[in-house]
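Structure below is my_file.cif: mmCIF, C-alpha atoms and all ligand atoms.
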```cif
data_query
loop_
_atom_site.label_atom_id
_atom_site.label_comp_id
_atom_site.auth_asym_id
_atom_site.auth_seq_id
_atom_site.Cartn_x
_atom_site.Cartn_y
_atom_site.Cartn_z
CA MET A 1 140.90 19.05 34.71
CA SER A 2 143.51 18.89 37.39
CA ASP A 3 145.22 22.22 36.66
CA ARG A 4 142.06 24.29 37.01
CA ILE A 5 142.40 27.04 39.57
CA SER A 6 139.71 27.57 42.15
CA LEU A 7 139.03 30.97 43.74
CA THR A 8 136.08 32.85 45.20
CA ILE A 9 134.51 36.08 44.05
CA ASP A 10 132.01 37.77 46.37
CA GLY A 11 131.80 34.48 48.24
CA ARG A 12 131.03 32.42 45.14
CA GLN A 13 133.42 29.68 44.11
CA ILE A 14 134.60 29.96 40.50
CA GLU A 15 137.21 28.23 38.38
CA ALA A 16 139.92 29.67 36.15
CA GLU A 17 142.36 28.37 33.55
CA PRO A 18 146.02 28.90 34.39
CA GLY A 19 147.08 32.25 32.93
CA GLN A 20 143.58 33.72 32.93
CA THR A 21 143.12 37.07 34.62
CA ILE A 22 140.57 37.56 37.37
CA LEU A 23 138.44 39.57 34.95
CA GLU A 24 138.39 36.81 32.32
CA ALA A 25 137.71 34.05 34.82
CA ALA A 26 134.89 36.06 36.38
CA GLU A 27 133.38 36.77 32.98
CA GLU A 28 133.39 33.07 32.11
CA ALA A 29 131.61 32.36 35.36
CA GLY A 30 128.94 34.98 34.60
CA VAL A 31 130.30 37.63 36.95
CA TYR A 32 130.67 41.09 35.44
CA ILE A 33 133.59 43.16 36.62
CA PRO A 34 133.19 46.71 35.27
CA ARG A 35 135.96 47.72 32.85
CA LEU A 36 136.78 50.46 30.37
CA CYS A 37 140.33 50.22 29.05
CA TRP A 38 140.17 46.42 28.77
CA MET A 39 138.74 44.94 25.60
CA LYS A 40 138.51 41.34 24.48
CA GLY A 41 141.18 40.63 21.87
CA LEU A 42 143.57 43.40 22.98
CA SER A 43 146.46 43.23 25.41
CA ALA A 44 145.60 44.45 28.91
CA PHE A 45 146.57 48.03 29.67
CA GLY A 46 145.58 48.50 33.30
CA SER A 47 145.09 52.25 33.11
CA CYS A 48 141.48 53.09 33.99
CA ARG A 49 141.26 51.16 37.30
CA VAL A 50 137.51 50.76 36.87
CA CYS A 51 138.04 46.99 37.20
CA THR A 52 139.60 47.37 40.65
CA VAL A 53 138.70 44.50 42.96
CA ARG A 54 140.05 43.52 46.35
CA VAL A 55 142.20 40.40 46.24
CA ASN A 56 142.80 38.97 49.70
CA GLY A 57 142.06 42.48 50.93
CA ARG A 58 144.38 44.34 48.56
CA PRO A 59 143.15 46.51 45.67
CA GLN A 60 144.21 45.06 42.29
CA SER A 61 143.15 45.66 38.71
CA ALA A 62 141.24 42.54 37.69
CA CYS A 63 142.18 42.94 34.01
CA THR A 64 145.90 42.51 34.68
CA GLN A 65 146.00 40.29 37.77
CA PRO A 66 146.23 36.55 36.98
CA ALA A 67 143.87 34.30 38.89
CA ALA A 68 145.62 32.19 41.53
CA PRO A 69 144.46 29.28 43.68
CA GLY A 70 142.55 30.22 46.80
CA MET A 71 142.23 33.92 45.98
CA VAL A 72 139.43 35.69 47.81
CA VAL A 73 138.14 38.37 45.46
CA GLU A 74 135.67 41.12 46.34
CA ASN A 75 133.95 42.77 43.38
CA ASP A 76 130.42 44.03 43.89
CA THR A 77 130.79 45.74 47.26
CA GLN A 78 129.59 49.16 48.38
CA GLU A 79 133.18 50.34 48.75
CA LEU A 80 134.20 49.29 45.24
CA ARG A 81 131.01 50.62 43.69
CA GLU A 82 131.79 53.99 45.26
CA LEU A 83 135.38 53.88 44.05
CA ARG A 84 134.26 53.07 40.52
CA ARG A 85 131.72 55.83 40.70
CA SER A 86 134.44 58.31 41.60
CA LEU A 87 136.52 57.19 38.63
CA ILE A 88 133.59 57.55 36.24
CA ASP A 89 132.73 60.95 37.71
CA MET A 90 136.30 62.11 37.11
CA LEU A 91 136.22 60.94 33.50
CA PHE A 92 133.10 63.03 32.96
CA ILE A 93 134.34 66.24 34.59
CA GLU A 94 137.81 66.02 33.04
CA GLY A 95 136.41 66.04 29.51
CA ASN A 96 133.54 67.76 27.74
CA HIS A 97 130.73 65.26 27.48
CA PHE A 98 127.66 66.69 25.80
CA CYS A 99 125.72 63.43 25.64
CA MET A 100 122.62 65.16 24.31
CA PHE A 101 124.14 65.52 20.85
CA CYS A 102 126.84 62.86 20.93
CA GLU A 103 126.58 60.26 18.15
CA LYS A 104 127.71 57.58 20.60
CA SER A 105 124.99 58.24 23.18
CA GLY A 106 123.13 55.03 24.04
CA ASP A 107 126.04 52.98 22.76
CA CYS A 108 128.83 54.54 24.85
CA GLU A 109 130.58 52.43 27.50
CA LEU A 110 131.47 55.44 29.67
CA GLN A 111 127.87 56.64 29.73
CA ALA A 112 126.63 53.07 30.23
CA LEU A 113 128.83 52.62 33.28
CA ALA A 114 127.47 55.87 34.71
CA TYR A 115 123.94 54.57 34.12
CA ARG A 116 124.74 51.22 35.69
CA LEU A 117 126.20 52.94 38.74
CA GLY A 118 123.10 55.15 38.99
CA ILE A 119 124.97 58.44 38.58
CA THR A 120 122.61 61.38 38.16
CA ALA A 121 125.32 64.06 38.49
CA PRO A 122 129.08 63.91 39.06
CA GLN A 123 130.26 64.78 42.55
CA TYR A 124 133.20 66.94 41.37
CA PRO A 125 133.20 70.36 39.67
CA PHE A 126 133.39 70.40 35.89
CA MET A 127 136.71 71.47 34.38
CA PHE A 128 135.60 72.36 30.83
CA PRO A 129 139.07 71.82 29.36
CA GLN A 130 140.17 73.00 25.91
CA ARG A 131 140.41 69.93 23.67
CA GLU A 132 140.99 69.56 19.94
CA LEU A 133 138.87 68.03 17.25
CA ASP A 134 140.54 66.47 14.20
CA ALA A 135 138.21 66.08 11.23
CA THR A 136 140.91 66.03 8.53
CA HIS A 137 140.17 62.42 7.54
CA PRO A 138 137.40 61.82 4.97
CA GLU A 139 135.88 58.83 6.81
CA ILE A 140 136.59 59.27 10.53
CA PHE A 141 137.24 61.95 13.16
CA VAL A 142 138.73 62.28 16.64
CA ASP A 143 136.90 64.53 19.09
CA ARG A 144 139.24 64.69 22.06
CA ASN A 145 136.54 66.37 24.16
CA ARG A 146 135.20 62.84 24.60
CA CYS A 147 138.49 60.95 24.91
CA ILE A 148 139.12 59.11 28.18
CA LEU A 149 142.69 58.03 27.31
CA CYS A 150 141.84 54.35 27.58
CA GLY A 151 144.34 53.51 24.84
CA ARG A 152 142.06 51.03 23.10
CA CYS A 153 142.55 52.78 19.73
CA VAL A 154 146.32 52.77 20.29
CA ARG A 155 146.44 49.03 20.96
CA ALA A 156 143.86 48.05 18.34
CA SER A 157 145.73 50.00 15.67
CA GLN A 158 148.98 48.22 16.54
CA GLU A 159 147.76 44.78 17.47
CA LEU A 160 144.82 44.28 15.13
CA ASP A 161 145.30 46.71 12.22
CA GLY A 162 149.11 46.56 12.19
CA LYS A 163 149.20 50.31 11.57
CA HIS A 164 150.35 52.43 14.55
CA VAL A 165 147.99 55.27 13.71
CA PHE A 166 147.45 56.36 17.34
CA GLY A 167 149.72 57.03 20.30
CA PHE A 168 149.84 59.14 23.45
CA VAL A 169 151.74 62.40 23.88
CA GLY A 170 152.13 64.62 26.95
CA ARG A 171 151.70 63.80 30.61
CA GLY A 172 149.14 64.32 33.36
CA ALA A 173 146.37 66.74 32.46
CA GLY A 174 148.16 67.50 29.18
CA LYS A 175 148.16 63.89 28.00
CA LYS A 176 146.30 63.29 24.76
CA VAL A 177 145.80 60.91 21.90
CA ALA A 178 148.02 61.83 18.96
CA VAL A 179 148.04 60.57 15.38
CA ASN A 180 150.92 59.42 13.26
CA ALA A 181 151.05 62.42 10.85
CA GLU A 182 151.85 66.13 11.18
CA SER A 183 148.82 67.07 9.11
CA GLY A 184 146.39 65.16 11.33
CA LEU A 185 144.31 62.02 10.98
CA GLY A 186 143.82 62.63 7.25
CA GLY A 187 147.55 62.23 6.72
CA THR A 188 147.67 58.76 8.29
CA ASP A 189 146.84 55.41 6.72
CA ALA A 190 143.79 55.03 9.00
CA ALA A 191 140.60 53.75 7.37
CA GLY A 192 136.96 53.80 8.43
CA ASP A 193 136.80 50.05 8.88
CA ASP A 194 139.87 49.85 11.11
CA GLU A 195 139.46 47.89 14.33
CA ALA A 196 140.86 50.95 16.09
CA VAL A 197 137.73 52.92 15.27
CA ALA A 198 135.42 50.16 16.48
CA ALA A 199 137.51 49.78 19.64
CA CYS A 200 136.83 53.28 21.00
CA PRO A 201 134.40 52.91 23.92
CA THR A 202 133.27 56.54 23.68
CA GLY A 203 132.32 59.02 20.97
CA SER A 204 135.91 60.20 20.65
CA LEU A 205 136.87 58.18 17.59
CA LEU A 206 133.96 57.79 15.21
CA LYS A 207 133.00 57.17 11.63
CA LYS A 208 131.54 60.13 9.81
CA ARG A 209 128.02 60.19 8.33
CA VAL A 210 126.66 57.17 10.22
CA GLY A 211 125.65 58.84 13.50
CA PHE A 212 122.14 58.67 14.97
CA ALA A 213 121.18 55.74 12.71
CA VAL A 214 119.73 53.69 15.59
CA PRO A 215 116.58 55.23 17.06
CA VAL A 216 116.37 56.09 20.75
CA GLY A 217 114.91 53.09 22.53
CA GLN A 218 116.78 50.56 20.37
CA ARG A 219 120.35 51.43 21.29
CA ARG A 220 122.67 49.03 23.08
CA PHE A 221 122.22 50.39 26.59
CA ASP A 222 118.72 51.87 26.41
CA HIS A 223 117.11 49.05 28.39
CA GLN A 224 119.88 46.72 29.59
CA PRO A 225 122.75 47.83 31.82
CA ILE A 226 126.25 47.26 30.50
CA GLY A 227 127.50 43.87 31.69
CA SER A 228 124.06 42.30 31.90
CA GLU A 229 124.82 40.16 28.83
CA ILE A 230 127.61 38.56 30.88
CA GLU A 231 125.37 38.10 33.91
CA GLN A 232 122.50 36.72 31.82
CA ALA A 233 124.72 34.22 29.99
CA GLN A 234 125.28 32.66 33.40
CA SER A 235 121.71 32.65 34.63
CA GLU A 236 120.47 30.99 31.41
CA GLU A 237 122.82 28.04 31.83
CA MET B 1 97.26 71.01 56.12
CA GLY B 2 97.36 72.50 52.64
CA LYS B 3 98.60 70.71 49.59
CA PRO B 4 102.36 70.53 49.00
CA ARG B 5 103.59 73.54 47.05
CA VAL B 6 105.71 73.16 43.92
CA ALA B 7 107.63 75.96 42.20
CA THR B 8 109.43 75.71 38.87
CA THR B 9 111.72 77.99 36.91
CA SER B 10 113.86 77.98 33.79
CA LEU B 11 117.28 79.59 34.15
CA CYS B 12 119.65 79.16 31.20
CA GLY B 13 117.52 76.47 29.59
CA CYS B 14 115.29 76.13 26.53
CA PHE B 15 112.01 75.30 28.33
CA GLY B 16 112.33 71.79 26.96
CA CYS B 17 112.27 70.39 30.50
CA HIS B 18 109.05 72.29 31.20
CA MET B 19 107.65 70.87 27.95
CA SER B 20 108.54 67.43 29.25
CA LEU B 21 106.61 68.20 32.44
CA LEU B 22 103.55 69.01 30.29
CA ASP B 23 104.24 65.76 28.46
CA ILE B 24 102.96 63.77 31.48
CA ASP B 25 99.67 64.16 29.56
CA GLU B 26 96.47 63.52 31.49
CA ARG B 27 98.47 62.80 34.61
CA ILE B 28 98.75 66.57 34.91
CA LEU B 29 95.14 66.49 36.16
CA SER B 30 96.18 64.26 39.06
CA LEU B 31 99.16 66.51 39.64
CA VAL B 32 97.04 69.63 40.11
CA GLU B 33 94.92 67.61 42.54
CA LEU B 34 98.02 66.64 44.49
CA VAL B 35 99.94 69.93 44.60
CA ASP B 36 99.57 73.68 44.39
CA PHE B 37 101.85 75.51 42.01
CA ASP B 38 103.73 78.48 43.33
CA ARG B 39 105.97 80.55 41.03
CA SER B 40 106.16 78.81 37.65
CA PRO B 41 106.02 79.61 33.93
CA ILE B 42 103.05 77.21 33.86
CA ASN B 43 100.80 79.66 35.77
CA ASP B 44 102.89 82.75 34.99
CA ILE B 45 103.35 83.64 38.67
CA LYS B 46 106.56 85.66 38.72
CA GLU B 47 107.53 85.69 42.40
CA LEU B 48 107.82 83.02 45.06
CA SER B 49 105.05 83.57 47.62
CA GLY B 50 106.79 81.96 50.60
CA PRO B 51 107.98 78.50 51.67
CA VAL B 52 107.71 75.86 48.96
CA ASP B 53 108.05 72.09 49.33
CA ILE B 54 109.60 71.18 45.99
CA GLY B 55 111.51 73.47 43.64
CA LEU B 56 112.24 72.28 40.11
CA VAL B 57 115.04 74.17 38.37
CA GLU B 58 115.65 73.87 34.66
CA GLY B 59 118.83 75.34 33.15
CA GLY B 60 122.21 76.29 34.57
CA CYS B 61 123.53 79.71 35.61
CA ALA B 62 124.79 81.81 32.71
CA ASN B 63 124.17 85.29 34.14
CA GLU B 64 123.68 87.13 37.42
CA GLU B 65 119.89 86.99 37.10
CA ASN B 66 120.03 83.16 36.95
CA VAL B 67 122.12 83.13 40.13
CA LYS B 68 119.69 85.45 41.91
CA VAL B 69 116.66 83.32 41.02
CA LEU B 70 118.48 80.12 41.96
CA GLN B 71 119.45 81.55 45.33
CA GLU B 72 115.84 82.61 45.95
CA PHE B 73 114.67 79.12 45.12
CA ARG B 74 117.26 77.66 47.47
CA GLU B 75 116.14 79.94 50.24
CA HIS B 76 112.45 79.06 49.89
CA CYS B 77 112.38 75.43 48.72
CA ARG B 78 112.65 72.57 51.16
CA VAL B 79 113.78 70.22 48.39
CA LEU B 80 115.53 71.63 45.35
CA ILE B 81 115.85 69.53 42.20
CA SER B 82 118.08 70.14 39.19
CA VAL B 83 115.99 69.14 36.20
CA GLY B 84 117.77 68.30 32.96
CA ASP B 85 121.31 68.33 31.68
CA CYS B 86 121.65 72.15 31.56
CA ALA B 87 120.95 72.40 35.28
CA ILE B 88 123.26 69.45 35.97
CA ASN B 89 126.24 70.14 33.72
CA GLY B 90 125.50 73.41 31.90
CA GLY B 91 124.30 71.62 28.79
CA ILE B 92 124.42 73.22 25.35
CA PRO B 93 124.93 76.76 26.74
CA ALA B 94 128.11 75.49 28.43
CA MET B 95 129.66 74.94 25.02
CA ARG B 96 130.82 78.54 25.42
CA ASN B 97 132.80 77.54 28.50
CA MET B 98 135.75 76.57 26.34
CA VAL B 99 135.78 80.00 24.67
CA PRO B 100 136.91 83.16 26.51
CA LEU B 101 133.97 85.47 27.27
CA ARG B 102 135.43 88.35 25.25
CA GLU B 103 135.60 86.14 22.16
CA CYS B 104 131.98 85.06 22.68
CA PHE B 105 130.90 88.71 22.78
CA ARG B 106 132.94 89.64 19.74
CA GLU B 107 131.46 86.77 17.74
CA ALA B 108 127.90 87.50 18.85
CA PHE B 109 127.89 91.31 18.48
CA LEU B 110 130.79 92.35 16.24
CA ASP B 111 132.47 89.72 14.09
CA GLY B 112 129.81 87.05 13.43
CA PRO B 113 128.87 86.62 9.75
CA THR B 114 125.23 87.62 10.30
CA VAL B 115 125.88 90.55 12.65
CA VAL B 116 124.44 93.96 11.73
CA ASN B 117 125.67 96.40 14.34
CA PRO B 118 126.52 99.82 12.88
CA ALA B 119 127.30 101.26 16.35
CA GLY B 120 130.01 98.60 16.69
CA LYS B 121 129.26 98.37 20.42
CA ILE B 122 128.76 95.35 22.63
CA PRO B 123 125.41 95.98 24.39
CA ASP B 124 125.93 96.94 28.03
CA ASP B 125 122.58 98.39 29.08
CA GLU B 126 122.09 97.95 32.80
CA GLU B 127 118.74 96.23 32.12
CA ILE B 128 120.67 93.33 30.58
CA PRO B 129 121.87 90.85 33.21
CA LEU B 130 125.65 90.51 33.31
CA LEU B 131 126.95 87.31 31.80
CA LEU B 132 129.06 85.11 34.07
CA ASP B 133 132.56 84.08 32.98
CA ARG B 134 131.12 80.67 32.17
CA VAL B 135 127.93 78.65 32.59
CA TYR B 136 127.70 76.93 35.98
CA PRO B 137 125.71 73.83 36.89
CA CYS B 138 123.19 74.63 39.66
CA HIS B 139 124.85 72.41 42.26
CA GLU B 140 128.09 74.40 41.84
CA VAL B 141 126.18 77.53 42.96
CA VAL B 142 123.81 76.28 45.70
CA LYS B 143 123.14 72.96 47.40
CA VAL B 144 120.81 70.77 45.35
CA GLU B 145 119.12 67.69 46.79
CA TYR B 146 118.36 65.69 43.62
CA HIS B 147 119.30 65.58 39.94
CA LEU B 148 117.05 64.39 37.13
CA PRO B 149 119.28 64.03 34.08
CA GLY B 150 118.14 64.04 30.47
CA CYS B 151 117.79 66.45 27.61
CA PRO B 152 115.03 66.67 28.57
CA PRO B 153 114.31 64.12 31.32
CA SER B 154 111.36 62.04 30.16
CA ALA B 155 107.86 62.77 31.42
CA ASP B 156 108.04 59.43 33.25
CA THR B 157 111.20 60.53 35.03
CA LEU B 158 109.57 63.74 36.24
CA TRP B 159 106.40 61.93 37.21
CA GLU B 160 108.28 59.25 39.13
CA ALA B 161 110.39 61.85 40.94
CA LEU B 162 107.41 64.00 41.96
CA ASN B 163 105.45 60.98 43.13
CA ALA B 164 108.32 59.57 45.13
CA LEU B 165 108.75 62.88 46.94
CA LEU B 166 105.03 63.45 47.46
CA GLU B 167 104.65 59.96 48.91
CA GLY B 168 107.70 60.44 51.11
CA ARG B 169 109.66 57.70 49.32
CA SER B 170 113.35 58.12 48.64
CA LEU B 171 114.00 59.23 45.11
CA GLU B 172 115.86 56.44 43.36
CA LEU B 173 115.39 56.36 39.62
CA PRO B 174 115.18 52.93 38.00
CA TYR B 175 117.76 52.12 35.29
CA GLU B 176 115.60 53.09 32.35
CA LEU B 177 114.89 56.56 33.72
CA ILE B 178 118.53 57.63 34.05
CA LYS B 179 119.44 58.99 30.62
CA TYR B 180 121.77 61.80 29.60
CA ASP B 181 120.12 62.50 26.25
S1 LIG C 301 131.38 59.95 24.61
FE1 LIG C 301 129.80 58.96 25.85
S2 LIG C 301 129.80 60.09 27.77
FE2 LIG C 301 130.88 61.34 26.27
S3 LIG C 301 129.33 62.70 25.36
FE3 LIG C 301 129.40 60.86 24.08
S4 LIG C 301 127.81 59.51 24.92
FE4 LIG C 301 128.26 61.06 26.48
S1 LIG C 302 140.14 57.93 21.25
FE1 LIG C 302 138.72 56.47 22.17
S2 LIG C 302 139.88 54.52 22.18
FE2 LIG C 302 141.37 56.15 21.88
S3 LIG C 302 142.10 56.63 23.94
FE3 LIG C 302 140.42 58.07 23.48
S4 LIG C 302 138.58 57.10 24.31
FE4 LIG C 302 140.17 55.52 24.19
S1 LIG C 303 139.79 47.63 32.73
FE1 LIG C 303 141.32 47.11 34.17
S2 LIG C 303 142.40 48.95 34.48
FE2 LIG C 303 140.97 49.47 32.89
#
```
Structure rendered as structure tokens:
Amino acid sequence: MSDRISLTIDGRQIEAEPGQTILEAAEEAGVYIPRLCWMKGLSAFGSCRVCTVRVNGRPQSACTQPAAPGMVVENDTQELRELRRSLIDMLFIEGNHFCMFCEKSGDCELQALAYRLGITAPQYPFMFPQRELDATHPEIFVDRNRCILCGRCVRASQELDGKHVFGFVGRGAGKKVAVNAESGLGGTDAAGDDEAVAACPTGSLLKKRVGFAVPVGQRRFDHQPIGSEIEQAQSEE
Amino acid sequence: MGKPRVATTSLCGCFGCHMSLLDIDERILSLVELVDFDRSPINDIKELSGPVDIGLVEGGCANEENVKVLQEFREHCRVLISVGDCAINGGIPAMRNMVPLRECFREAFLDGPTVVNPAGKIPDDEEIPLLLDRVYPCHEVVKVEYHLPGCPPSADTLWEALNALLEGRSLELPYELIKYD
């Protein structure tokens, strides 16, 4: 096709459709660019910066930046791995992540990125903030101790469920996920099978009474690093 | 040259990490061939005898006694390792970090539903180590060379770490041995 765009990522030539972002084009070519707030099927949000790459030397978020002809993209470099590690470290110390009893453990994208980056302890002091838990809904709960403010629930509720259950309130360290009812989640029209619930990358928004169903050793990230399904798809071709 | 010396201790932990160390099964026979144990709950030696090559610390710092022991370990151990999530991030005991200390005491000794305390006093005997304002990860109190996460870290993780250090390799855990649960 004549309108295909050609660019390089870590020295490898790849092709992109017009309008595709760097992240999508890389994924199609079997190159995994780490991401957290981006999710297939949702609009891009560009908030977590985990997908930061260097484009012609400049840092850009790969999930929002459209691919353009001749771009030189750096992705898997020491510098960017360290930057991503810092971001993941901050997400851990800013919240209260007790992985040892979290229902999402083994299936959590935040934890999986920490594993992939080889993090054995965060390099910043823990903040132990006060966060609220909302268990007023019969089927689901929000535990803000584990929320990373990625906004995936917010977008999935609007764009896929057509409901507007979730939104953000506050700024800076006081920013949090809010729900569309005074009385809490139970007062909203949220349901257990909403896409918003499935969209949460962490254990912040979860279904009740289904935790710990998958045994240790059989969970999504027990043996394979996050992103390896993208990398393997390529190497099998 | 004598065998490398290893010391272990449990601060504010549950001894689960030490259980995991015993869980290396028959490999423990090779381990006692390879190293000598200094202070450790495994041999019940209560004091460090001098310089130690590898110190394994389970649990974070919840009271002044934990801090004292950790500082002693730091002083005497060439390589100090935080073993398990409690040592690394405070773990379950750190769930109190979001609650003011006074409220923790009130709940534990005065207001809790199962409390029987006719004197109505919060214990303050000087034999009882003072609680810290919150539970601290070890590396926020002293310098720590390595971290072995997990609740507890698997026997394979501990075995791999000890072997790497004893063989003078750099300690880099493979993907499957980095787990936070
Ligand atoms: S949400 Fe993820 S990182 Fe946080 S406690 Fe749960 S498993 Fe751990
Ligand atoms: S609840 Fe989950 S999906 Fe929503 S912002 Fe928090 S981490 Fe993201
Ligand atoms: S995935 Fe691109 S900014 Fe979050």
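Nearest residue to ligand LIG 303 (chain C) among A:Ile148, A:Ala16, A:Met90, A:Gly70 is A:Ile148, counting only C-alpha atoms and all ligand atoms.
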Point to revise | Using all atoms listed in the file: which of A:Ser157, A:Gln130, A:Gln218, A:Ser204 has the shortest distance to chain B | key: A:Gln130
Please identify all residues of chain B having at least one atom at most 8 Å from any atom of chain A, considering only C-alpha atoms, and return them as a CSV table (one decimal) with C-alpha atoms, in the frame of the given file.
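Saved as selection-v1.csv:
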```
chain,number,residue,atom,x,y,z
B,88,ILE,CA,123.3,69.4,36.0
B,89,ASN,CA,126.2,70.1,33.7
B,91,GLY,CA,124.3,71.6,28.8
B,92,ILE,CA,124.4,73.2,25.4
B,97,ASN,CA,132.8,77.5,28.5
B,98,MET,CA,135.8,76.6,26.3
B,140,GLU,CA,128.1,74.4,41.8
B,147,HIS,CA,119.3,65.6,39.9
B,148,LEU,CA,117.0,64.4,37.1
B,149,PRO,CA,119.3,64.0,34.1
B,150,GLY,CA,118.1,64.0,30.5
B,151,CYS,CA,117.8,66.4,27.6
B,173,LEU,CA,115.4,56.4,39.6
B,175,TYR,CA,117.8,52.1,35.3
B,176,GLU,CA,115.6,53.1,32.4
B,178,ILE,CA,118.5,57.6,34.0
B,179,LYS,CA,119.4,59.0,30.6
B,180,TYR,CA,121.8,61.8,29.6
B,181,ASP,CA,120.1,62.5,26.2
```
Review point. Which distance in Å separates atom CA of B:Gly2 and atom CA of B:Ala164, to one decimal?
Key: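 Between atom CA of B:Gly2 and atom CA of B:Ala164 the gap works out to 18.5 Å.
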Practice item. Could you tell me, counting only C-alpha atoms and all ligand atoms, which protein and nucleic acid residues lie no more than 10 Å from ligand LIG 302 (chain C), written as a PyMOL selection string? Key: chain A and resi 36-37+109-110+141-157+166-168+176-178+196-206
